[in-house]
Structures are given as structure tokens and as C-alpha cells.
Amino acid sequence: MVLGNYKQCVSARATDRSILARAQDGGIVTQLFAFALDEGIIDGAIVAGQGEQPWQPEPIVATTKQELFAAQGTRYNICPNMALLKEATRSYGLDKVGVVGTPCQMQAVRKAQLYPVGMRYVGDKIALAVGIFCMENFPYQGFEAMTEDFCNVKLESAAKMDIGKGKYSVYTERGAVSQMPLKHTLKFVQPGCHVCLDYVANLADVSTGSVGSPDGWSTVFVRTKNGDDIWAKAMAAGCFETKPIEEVKPGLELVTKLATDKITKNQKHVDERATFGVRADGSGKALRSYL
């Protein structure tokens with residue numbers, strides 16, 4: 001199934017107004033990690049902090065809620081969060097690590113747990129893996145060109161970026177909005193995104209994104225037993241306001257459509273790569289080429 005396995009799916013938003021005020025959508029990741037920190041479920045979380053350049057993400061290990069809050073928001077370019085997994089357990093000495101990432105990064109987390117080559121004593125310390133919906137991602141140079149050259153907004157002046165309703169939108173500090181059609185962003189997409197078949201982070205404990213929910217809310221898939229246990233505790237503590245996904249618009253129909261579109265589009269690239277170094281004889285049978 002294109003949406004992966006999950007125990008429940010809801011539309012949700014954080015109840016902490018200070019988190020919502022700075023949130024990209026429903027503030028799910030920040031609220032969930034903040035709760036997990038308070039409860040000792042995690043000792044720290046690997047999140048995308050601010051890098052050296054404007055809107056350039058840099059992975060950090062947040063061990064306080066203040067550090068989590070400072071990293072709020074979405075930066076639409078690559079952030080190598082997985083690079084800090086080992087350091088979080090070694091340099092920071094964390095025994096219970098939270099990590100947020102894109103679908104491909106959630107795959108890396110699970111591979112590190114299943115085949116810990118170079119990652120000994122790391123996999124069992126991953127206490128909460130949160131995935132974010134992702135159609136594609138951009139290198140920083142491409143993201144800069146989209147924002148400054150096409151949307152005519154200097155990165156230093158941008159207050160927020162958003163992708164939705166077929167457009168890439170940039171909001172300035174003065175309240176102006178500049179947009180470009182998503183179809184024009186395709187040439188900036190990093191090549192690895194073209195072979196990814198996961199839109200909704202199937203392998204996360206909990207995955208979330210804005211698609212499917214109203215503005216200011218997020219769609220949340222609770223996928224694993226671990227994710228279900230932590231989500232239930234967070235709900236009992238009053239961390240989230242939720243609505244059944246069936247009662248909101250556009251609902252799972254749109255999530256399913258986009259997940260299907262990503263698989264259909266990228267499967268073509270996967271199939272093309274399978275033919276690298278292979279030619280066909282007159283009968284159509286594939287032959288290995290060593291030229």
C-alpha cells in the first residue's frame with residue numbers, strides 16, 4: 001500500500017501556542033520531541049538547525065526545549081541529520097536519541113539498526129524516529145536560485161517558505177508573498193530524489209506532513225508500537241488536539257494521490273537505472289555489456 005503500514009492516522013496540531021506560533025504547520029515534530037524530552041523518553045533529538053548561510057540547515061543535537069524551538073520550521077534543502085547519529089551517542093553520550101528526517105533518512109535509520117556496519121551500539125539507542133512527508137528535496141544552490149532568482153526574494157529577507165497547492169511560496173518579513181509553479185522547480189531537484197518511492201516516511205515511528213489536513217494542522221501517521229506508545233502518552237498529557245482524518249478536507253485522498261504519483265513517476269527512473277550496462281539482443285533478451 002502506498003501509505004505504508006500504520007496503526008492510526010489523524011489530523012493534529014500542537015496545543016502549545018508558543019510552538020504553533022513558530023510552526024510550519026501543526027508543530028507536530030517540535031511538540032512530540034519536547035514532550036519526549038520532558039518525560040525522559042529521549043535524552044536529545046537530532047534536528048535541522050540553522051547553518052552558516054541564510055536558510056541553510058545544519059544538523060544539531062538538541063538537548064533542551066529551547067534548542068528545539070530555535071530549530072522550528074522547514075528549510076527546503078538537504079540536511080544530513082543521519083551524519084550525527086553516531087556522534088549523538090559518542091560525543092554527547094546520549095542513550096535515547098530522537099531523530100527527524102525525510103523518508104530516505106528513515107530508511108537509513110532502519111538500515112543502521114538492521115545492519116550496523118560502522119554503527120555498532122547506535123541502533124539500539126534510537127528511541128524515536130519521526131519522518132516528514134517529502135516529494136523531493138533541493139541542494140542549497142538550487143534552493144537559493146528558486147528563492148532569489150525566480151521568486152525575487154533575498155534569502156535574508158525571507159520569513160518562511162512553503163510548498164503546497166502546486167506552488168513554491170516565499171513569505172517575506174514584511175508580509176509579501178512570492179510564488180513559482182512547482183513544475184519550474186523540477187530542474188533543481190537533487191538526483192537521488194528521482195529514485196525514491198516513499199512519500200510518507202513509511203519506516204518512521206510517527207510520520208507527519210501538511211498534506212491532507214487544513215491550514216495550520218498536520219496529517220499524522222502513527223506507525224509502530226513504539227510510536228503508538230509515545231503518541232498515546234503525549235495525547236494523555238494533552239499535547240495535541242486531533243480530528244479524525246476522515247472528517248477533514250482534503251483528507252487521505254490527496255495524500256494517497258501524491259504518494260501514488262511519486263511512486264509512478266520515480267519507478268520509471270528506477271527501471272531506467274536497471275538497464276545501465278545492459279543491452280538487448282535481437283530477441284529482446286538482455287545481455288550484459290562489458291564495453
# chains A, B, ... in the order shown; residues from 1 in each chain; ligands from 1
$ residues_around --residues "Val170 of chain A" --least-positions-apart "6" --cutoff "8 Å" --atoms "only C-alpha atoms" --output "VMD selection string"
chain A and resid 147 151 153 158 to 162 177 to 179
$ residues_around --residues "segment 133-135 of chain A" --least-positions-apart "2" --cutoff "6 Å" --atoms "only C-alpha atoms" --output "list of chain:residue names"
A:Tyr199, A:Val200, A:Gly209
$ closest_residue --among "A:Glu247, A:Glu136, A:Thr208, A:Glu241" --to "Lys262 of chain A" --atoms "only C-alpha atoms"
A:Glu136
$ closest_residue --among "A:Gly131, A:Gly118, A:Pro181, A:Gly27" --to "Ser11 of chain A" --atoms "only C-alpha atoms"
A:Gly27
$ select_by_dssp --residues "segment 62-202 of chain A" --states "strand (DSSP E)" --output "count of residues only"
31
$ residues_around --residues "Ile28 of chain A" --least-positions-apart "3" --cutoff "7 Å" --atoms "only C-alpha atoms" --output "ChimeraX atom specification"
/A:13-14,31-32
$ write_last_selection --atoms "C-alpha atoms" --output "PDB file, in the first residue's frame"
ATOM      1  CA  ARG A  13      -1.839  20.278  15.897  1.00  0.00           C
ATOM      2  CA  ALA A  14       0.138  21.147  18.994  1.00  0.00           C
ATOM      3  CA  GLN A  31       5.775  19.237  20.334  1.00  0.00           C
ATOM      4  CA  LEU A  32       6.427  15.497  20.232  1.00  0.00           C
TER       5      LEU A  32
END
$ residues_around --residues "Lys225 of chain A" --least-positions-apart "3" --cutoff "9 Å" --atoms "only C-alpha atoms" --output "list of chain:residue names"
A:Lys7, A:Asp205, A:Val222, A:Asp228, A:Asp229, A:Ile230
$ write_last_selection --atoms "N, CA and C atoms" --output "mmCIF file, in the first residue's frame"
data_model
loop_
_atom_site.group_PDB
_atom_site.id
_atom_site.type_symbol
_atom_site.label_atom_id
_atom_site.label_comp_id
_atom_site.auth_asym_id
_atom_site.auth_seq_id
_atom_site.Cartn_x
_atom_site.Cartn_y
_atom_site.Cartn_z
ATOM 1 N N LYS A 7 -0.965 2.334 12.415
ATOM 2 C CA LYS A 7 -1.958 1.942 13.392
ATOM 3 C C LYS A 7 -3.123 2.927 13.446
ATOM 4 N N ASP A 205 8.602 5.859 13.154
ATOM 5 C CA ASP A 205 7.673 5.523 14.234
ATOM 6 C C ASP A 205 6.396 6.347 14.091
ATOM 7 N N VAL A 222 0.651 7.245 12.813
ATOM 8 C CA VAL A 222 1.314 6.551 13.919
ATOM 9 C C VAL A 222 1.542 5.120 13.447
ATOM 10 N N ASP A 228 3.223 4.331 18.675
ATOM 11 C CA ASP A 228 1.877 4.320 19.251
ATOM 12 C C ASP A 228 1.919 4.561 20.751
ATOM 13 N N ASP A 229 2.883 3.944 21.424
ATOM 14 C CA ASP A 229 3.016 4.129 22.879
ATOM 15 C C ASP A 229 3.337 5.588 23.221
ATOM 16 N N ILE A 230 4.280 6.172 22.474
ATOM 17 C CA ILE A 230 4.676 7.553 22.760
ATOM 18 C C ILE A 230 3.567 8.521 22.399
#
$ select_by_dssp --residues "segment 98-259 of chain A" --states "alpha helix (DSSP H)" --output "MDAnalysis selection string"
chainID A and resid 103:114 140:144 225:236 252:259
$ closest_residue --among "A:Ala145, A:Ile245, A:Val220, A:Leu94" --to "Asn77 of chain A" --atoms "only C-alpha atoms"
A:Ala145
$ atom_distance --atom1 "atom CA of Met106 of chain A" --atom2 "atom CA of Met82 of chain A"
8.9 Å
$ closest_atom_pairs --of "segment 81-112 of chain A" --to "segment 54-67 of chain A" --cutoff "12 Å" --atoms "only C-alpha atoms" --output "Markdown table"
| residue | atom | partner | partner_atom | distance |
| --- | --- | --- | --- | --- |
| A:Asn81 | CA | A:Pro59 | CA | 5.0 |
| A:Met82 | CA | A:Pro59 | CA | 8.3 |
| A:Ala83 | CA | A:Pro59 | CA | 7.9 |
| A:Leu84 | CA | A:Pro59 | CA | 7.0 |
| A:Leu85 | CA | A:Val61 | CA | 9.1 |
| A:Lys86 | CA | A:Val61 | CA | 11.2 |
| A:Glu87 | CA | A:Val61 | CA | 9.0 |
| A:Ala88 | CA | A:Val61 | CA | 6.7 |
| A:Thr89 | CA | A:Val61 | CA | 10.2 |
| A:Arg90 | CA | A:Val61 | CA | 11.9 |
| A:Ser91 | CA | A:Val61 | CA | 10.4 |
| A:Tyr92 | CA | A:Val61 | CA | 8.2 |
| A:Gly93 | CA | A:Val61 | CA | 11.1 |
| A:Leu94 | CA | A:Thr63 | CA | 9.3 |
| A:Lys96 | CA | A:Thr63 | CA | 11.0 |
| A:Val97 | CA | A:Val61 | CA | 9.1 |
| A:Gly98 | CA | A:Val61 | CA | 9.2 |
| A:Val99 | CA | A:Val61 | CA | 9.0 |
| A:Val100 | CA | A:Pro59 | CA | 10.1 |
| A:Gly101 | CA | A:Pro59 | CA | 10.4 |
$ atom_distance --atom1 "atom CA of Pro103 of chain A" --atom2 "atom CA of Ile132 of chain A"
6.8 Å
$ atom_distance --atom1 "atom CA of Thr256 of chain A" --atom2 "atom CA of Met1 of chain A"
9.4 Å
$ residues_around --residues "Gln190 of chain A" --least-positions-apart "3" --cutoff "7 Å" --atoms "only C-alpha atoms" --output "number ranges by chain"
A: 137-139, 193
$ write_last_selection --atoms "C-alpha atoms" --output "short mmCIF file (atom, residue, chain, number, x, y, z; two decimals), in the first residue's frame"
data_model
loop_
_atom_site.label_atom_id
_atom_site.label_comp_id
_atom_site.auth_asym_id
_atom_site.auth_seq_id
_atom_site.Cartn_x
_atom_site.Cartn_y
_atom_site.Cartn_z
CA ASN A 137 14.46 17.96 -1.94
CA PHE A 138 16.90 20.56 -3.23
CA PRO A 139 20.62 21.30 -2.91
CA CYS A 193 15.18 12.05 -5.21
#
$ closest_residue --among "A:Thr264, A:Trp217, A:Cys239, A:Cys9" --to "Ala34 of chain A" --atoms "only C-alpha atoms"
A:Cys239
